[in-house]
Amino acid sequence: MAPLEPWEKVLVDLKKFPETVHGHIECTACHQGSQSSDKETAHKDMTARPSEGDPNACGECHPDVAGVFSSSLHSDLQGYWTALDARSAPENHPPLEQAFNNHCSRCHTSCGDCHVSQPASVGGGFFEGHVFARTPPMTRSCTACHGSRVGNEFLGKNEGFPGDVHFRDGRMNCVDCHSGHELHGQPAECTQCHTSPEAMTMKPADHRYDGVQSPTCESCHPNTTVGKDNIEMHTVHGADLSCQICHSITYTSCDGCHVAISEKTGKPYFETEATYFTFLIGKNPLISYTRPYKFVPLRHVPVAEDSFSFYGEDLLPNFNAASTWVYATPHNIQRNTPQAASCNACHGNASLFLTADKVNPEELEANQNVIVERIPAPVEESTPK
Amino acid sequence: MRLFRQISLFITTALLFSSCAPASPVDASANQTTAQLADVKLSIPAVLQPEMGTGEGAGPNECLNCHSDKDRLIETAKPVVEAAESESKGVG
């Protein structure tokens with residue numbers, strides 16, 4: 001995605017925009033400022049990004065969405081704090097909050113970041129002359145942020161590895177699986193989360209894999225769950241394995257992200273030590289009613305014990321309280337994969353499993369809940385159906 | 001008998017003529033075209049009416065005038081500042 005010129009970012013399409021619903025609203029009703037031919041006067045007290053305002057200007061006409069969005073993971077980034085809280089102690093929070101505000105909060109998303117402009121984190125700029133998009137354009141919105149892992153996997157940008165079959169053959173977009181309700185942090189139906197007596201006691205989601213699994217592969221492939229498709233592997237494994245165990249391929253993992261403020265420019269920056277391709281199966285650290293799998297693919301996340309050392313010493317004293325190899329749902333689904341070519345392509349194949357020898361010795365304790373102690377033994381070969 | 005025939009002929013003639021009478025008045029709105037209906041002014045409570053920027057009666061929209069003029073935007077744009085994370089290395 002080529003960066004936009006400064007003028008291009010704010011150029012309104014005078015043919016299209018006035019014809020839209022939003023084009024009938026006075027500019028200053030959302031952006032404040034005033035009508036003037038002088039830039040300084042017009043921009044005085046102007047809000048360039050009205051959906052970042054307090055209150056969110058979009059809520060004036062869209063109170064149903066704006067009301068719940070503020071507590072969605074896209075907005076509050078609670079997933080970061082779930083991970084930081086687990087590894088830190090309360091006394092570490094002030095410097096961690098400073099680090100979070102300088103670095104992590106750049107991933108915060110507002111209404112405008114998806115519906116009218118490219119996200120601020122990638123430089124902003126109107127999608128199409130300030131014409132609002134009900135459905136965000138995938139590559140200029142979704143994968144502009146979710147690019148280095150999900151986007152590259154899904155679109156087939158990792159050299160040597162094909163893109164996700166849902167994109168490659170199905171021409172599916174992110175929103176074909178991830179509904180607006182989900183992206184706004186609001187389930188479409190109460191029963192989407194409250195599916196069972198157990199689910200009735202669920203606390204609000206504070207992690208992307210918290211709560212009910214939505215979307216699920218079974219929503220579109222229901223026969224795979226009830227043994228009606230005559231595929232032996234589906235019948236034998238049932239819910240022991242997440243779908244991605246057999247149907248995803250090599251994906252990206254990262255190590256050692258460190259953040260700091262530049263002495264030269266005074267601006268925040270980060271450095272990651274390594275990025276590499278893996279496909280590793282581990283024990284499911286999040287076994288629940290809706291994620292009952294024994295095994296799931298694991299991705300290494302770039303946290304390190306000293307990731308925030310610029311902001312203070314030992315800010316993650318409970319580093320081992322959370323694993324560094326985490327539950328993953330790679331977005332590079334294929335019908336046929338090397339590990340599913342036959343039973344013993346996986347059974348007895350130690351290279352596919354996260355065993356202790358593959359874990360950084362300093363992270364062994366943190367990953368005890370996901371390390372596979374004994375890989376499944378080879379089985380008598382039969383021709384997969 | 002002749003009288004009966006005359007009465008029957010009169011009734012039959014009356015019935016035939018009655019079918020040529022004008023029908024009940026037509027509801028004029030049923031024949032309105034879509035274009036005519038579009039002219040109907042809806043009464044929207046003032047509280048729900050957005051401030052109209054391009055509608056009749058609105059003054060010149062200075063915001064749009066400038067923000068649709070490429071040359072003017074180039075002239076008045078802030079100078080390009082260095083990207084905030086230009087010193088970042090690796091995958092974010």
# chains A, B, ... in the order shown; residues from 1 in each chain; ligands from 1
$ residues_around --residues "Ser68 (chain B)" --least-positions-apart "4" --cutoff "6 Å" --atoms "only C-alpha atoms" --output "PyMOL selection string"
(chain A and resi 11-12+14) or (chain B and resi 64)
$ interface_residues --of "chain A" --to "chain B" --cutoff "6 Å" --atoms "only C-alpha atoms" --output "number ranges by chain"
A: 7, 11-12, 14, 24-26, 35-37, 267, 269-272
$ write_last_selection --atoms "N, CA, C and O atoms" --output "PDB file, in the first residue's frame"
ATOM      1  N   TRP A   7      -1.718  16.040   0.757  1.00  0.00           N
ATOM      2  CA  TRP A   7      -2.936  16.616   0.180  1.00  0.00           C
ATOM      3  C   TRP A   7      -3.945  15.537  -0.185  1.00  0.00           C
ATOM      4  O   TRP A   7      -5.153  15.722  -0.077  1.00  0.00           O
ATOM      5  N   LEU A  11      -8.202  15.010   0.534  1.00  0.00           N
ATOM      6  CA  LEU A  11      -8.909  15.510  -0.647  1.00  0.00           C
ATOM      7  C   LEU A  11     -10.312  14.899  -0.707  1.00  0.00           C
ATOM      8  O   LEU A  11     -10.460  13.677  -0.783  1.00  0.00           O
ATOM      9  N   VAL A  12     -11.310  15.753  -0.666  1.00  0.00           N
ATOM     10  CA  VAL A  12     -12.701  15.291  -0.708  1.00  0.00           C
ATOM     11  C   VAL A  12     -13.153  15.168  -2.164  1.00  0.00           C
ATOM     12  O   VAL A  12     -12.864  16.050  -2.983  1.00  0.00           O
ATOM     13  N   LEU A  14     -15.573  15.780  -4.670  1.00  0.00           N
ATOM     14  CA  LEU A  14     -16.719  16.690  -4.747  1.00  0.00           C
ATOM     15  C   LEU A  14     -17.860  16.140  -5.605  1.00  0.00           C
ATOM     16  O   LEU A  14     -18.985  16.628  -5.528  1.00  0.00           O
ATOM     17  N   HIS A  24     -24.596  15.248   3.260  1.00  0.00           N
ATOM     18  CA  HIS A  24     -25.671  16.204   3.511  1.00  0.00           C
ATOM     19  C   HIS A  24     -25.577  16.835   4.898  1.00  0.00           C
ATOM     20  O   HIS A  24     -26.443  17.604   5.289  1.00  0.00           O
ATOM     21  N   ILE A  25     -24.548  16.427   5.612  1.00  0.00           N
ATOM     22  CA  ILE A  25     -24.369  16.974   6.961  1.00  0.00           C
ATOM     23  C   ILE A  25     -23.294  18.060   6.918  1.00  0.00           C
ATOM     24  O   ILE A  25     -22.252  17.890   6.277  1.00  0.00           O
ATOM     25  N   GLU A  26     -23.570  19.146   7.565  1.00  0.00           N
ATOM     26  CA  GLU A  26     -22.598  20.243   7.627  1.00  0.00           C
ATOM     27  C   GLU A  26     -21.265  19.723   8.176  1.00  0.00           C
ATOM     28  O   GLU A  26     -21.241  18.993   9.176  1.00  0.00           O
ATOM     29  N   GLN A  35     -16.759  27.563   9.356  1.00  0.00           N
ATOM     30  CA  GLN A  35     -16.736  27.801   7.916  1.00  0.00           C
ATOM     31  C   GLN A  35     -15.965  29.089   7.645  1.00  0.00           C
ATOM     32  O   GLN A  35     -16.403  30.171   7.998  1.00  0.00           O
ATOM     33  N   SER A  36     -14.815  28.929   7.048  1.00  0.00           N
ATOM     34  CA  SER A  36     -14.024  30.112   6.705  1.00  0.00           C
ATOM     35  C   SER A  36     -13.091  29.750   5.562  1.00  0.00           C
ATOM     36  O   SER A  36     -12.630  28.606   5.462  1.00  0.00           O
ATOM     37  N   SER A  37     -12.795  30.732   4.720  1.00  0.00           N
ATOM     38  CA  SER A  37     -11.864  30.480   3.625  1.00  0.00           C
ATOM     39  C   SER A  37     -10.415  30.535   4.119  1.00  0.00           C
ATOM     40  O   SER A  37      -9.492  30.170   3.406  1.00  0.00           O
ATOM     41  N   LYS A 267      10.884  10.280  19.485  1.00  0.00           N
ATOM     42  CA  LYS A 267       9.685   9.528  19.072  1.00  0.00           C
ATOM     43  C   LYS A 267       9.799   8.057  19.487  1.00  0.00           C
ATOM     44  O   LYS A 267      10.911   7.517  19.575  1.00  0.00           O
ATOM     45  N   TYR A 269       9.771   4.029  19.269  1.00  0.00           N
ATOM     46  CA  TYR A 269      10.101   3.042  18.238  1.00  0.00           C
ATOM     47  C   TYR A 269      10.172   1.665  18.871  1.00  0.00           C
ATOM     48  O   TYR A 269      10.140   1.529  20.103  1.00  0.00           O
ATOM     49  N   PHE A 270      10.225   0.657  18.025  1.00  0.00           N
ATOM     50  CA  PHE A 270      10.338  -0.718  18.518  1.00  0.00           C
ATOM     51  C   PHE A 270      11.376  -1.469  17.690  1.00  0.00           C
ATOM     52  O   PHE A 270      11.724  -1.056  16.583  1.00  0.00           O
ATOM     53  N   GLU A 271      11.849  -2.552  18.268  1.00  0.00           N
ATOM     54  CA  GLU A 271      12.724  -3.458  17.521  1.00  0.00           C
ATOM     55  C   GLU A 271      12.323  -4.884  17.849  1.00  0.00           C
ATOM     56  O   GLU A 271      12.163  -5.225  19.026  1.00  0.00           O
ATOM     57  N   THR A 272      12.143  -5.695  16.835  1.00  0.00           N
ATOM     58  CA  THR A 272      11.909  -7.117  17.098  1.00  0.00           C
ATOM     59  C   THR A 272      13.178  -7.874  16.717  1.00  0.00           C
ATOM     60  O   THR A 272      13.804  -7.577  15.694  1.00  0.00           O
TER      61      THR A 272
END
$ select_by_dssp --residues "region 258-355 of chain A" --states "alpha helix (DSSP H)" --output "list in words"
Cys343, Asn344, Ala345 and Cys346 of chain A
$ atom_distance --atom1 "CA of Val68 (chain A)" --atom2 "CA of Cys114 (chain A)"
15.9 Å
$ residues_around --residues "Pro297 (chain A)" --least-positions-apart "3" --cutoff "9 Å" --atoms "only C-alpha atoms" --output "list in words"
Ser242, Gln244, Ile245, Ser248, Phe279, Leu280, Ile281, Gly282, Lys283, Asn284, Val326, Tyr327, Ala328, Thr329, Pro330 and Phe353 of chain A
$ atom_distance --atom1 "CA of Asp314 (chain A)" --atom2 "CA of Leu354 (chain A)"
27.6 Å
$ residues_around --residues "region 42-50 of chain A" --least-positions-apart "5" --cutoff "6 Å" --atoms "only C-alpha atoms" --output "list in words"
Cys30, His31, Gln32, Gly33, Ser34, Gln35, Ser36 and Ala57 of chain A
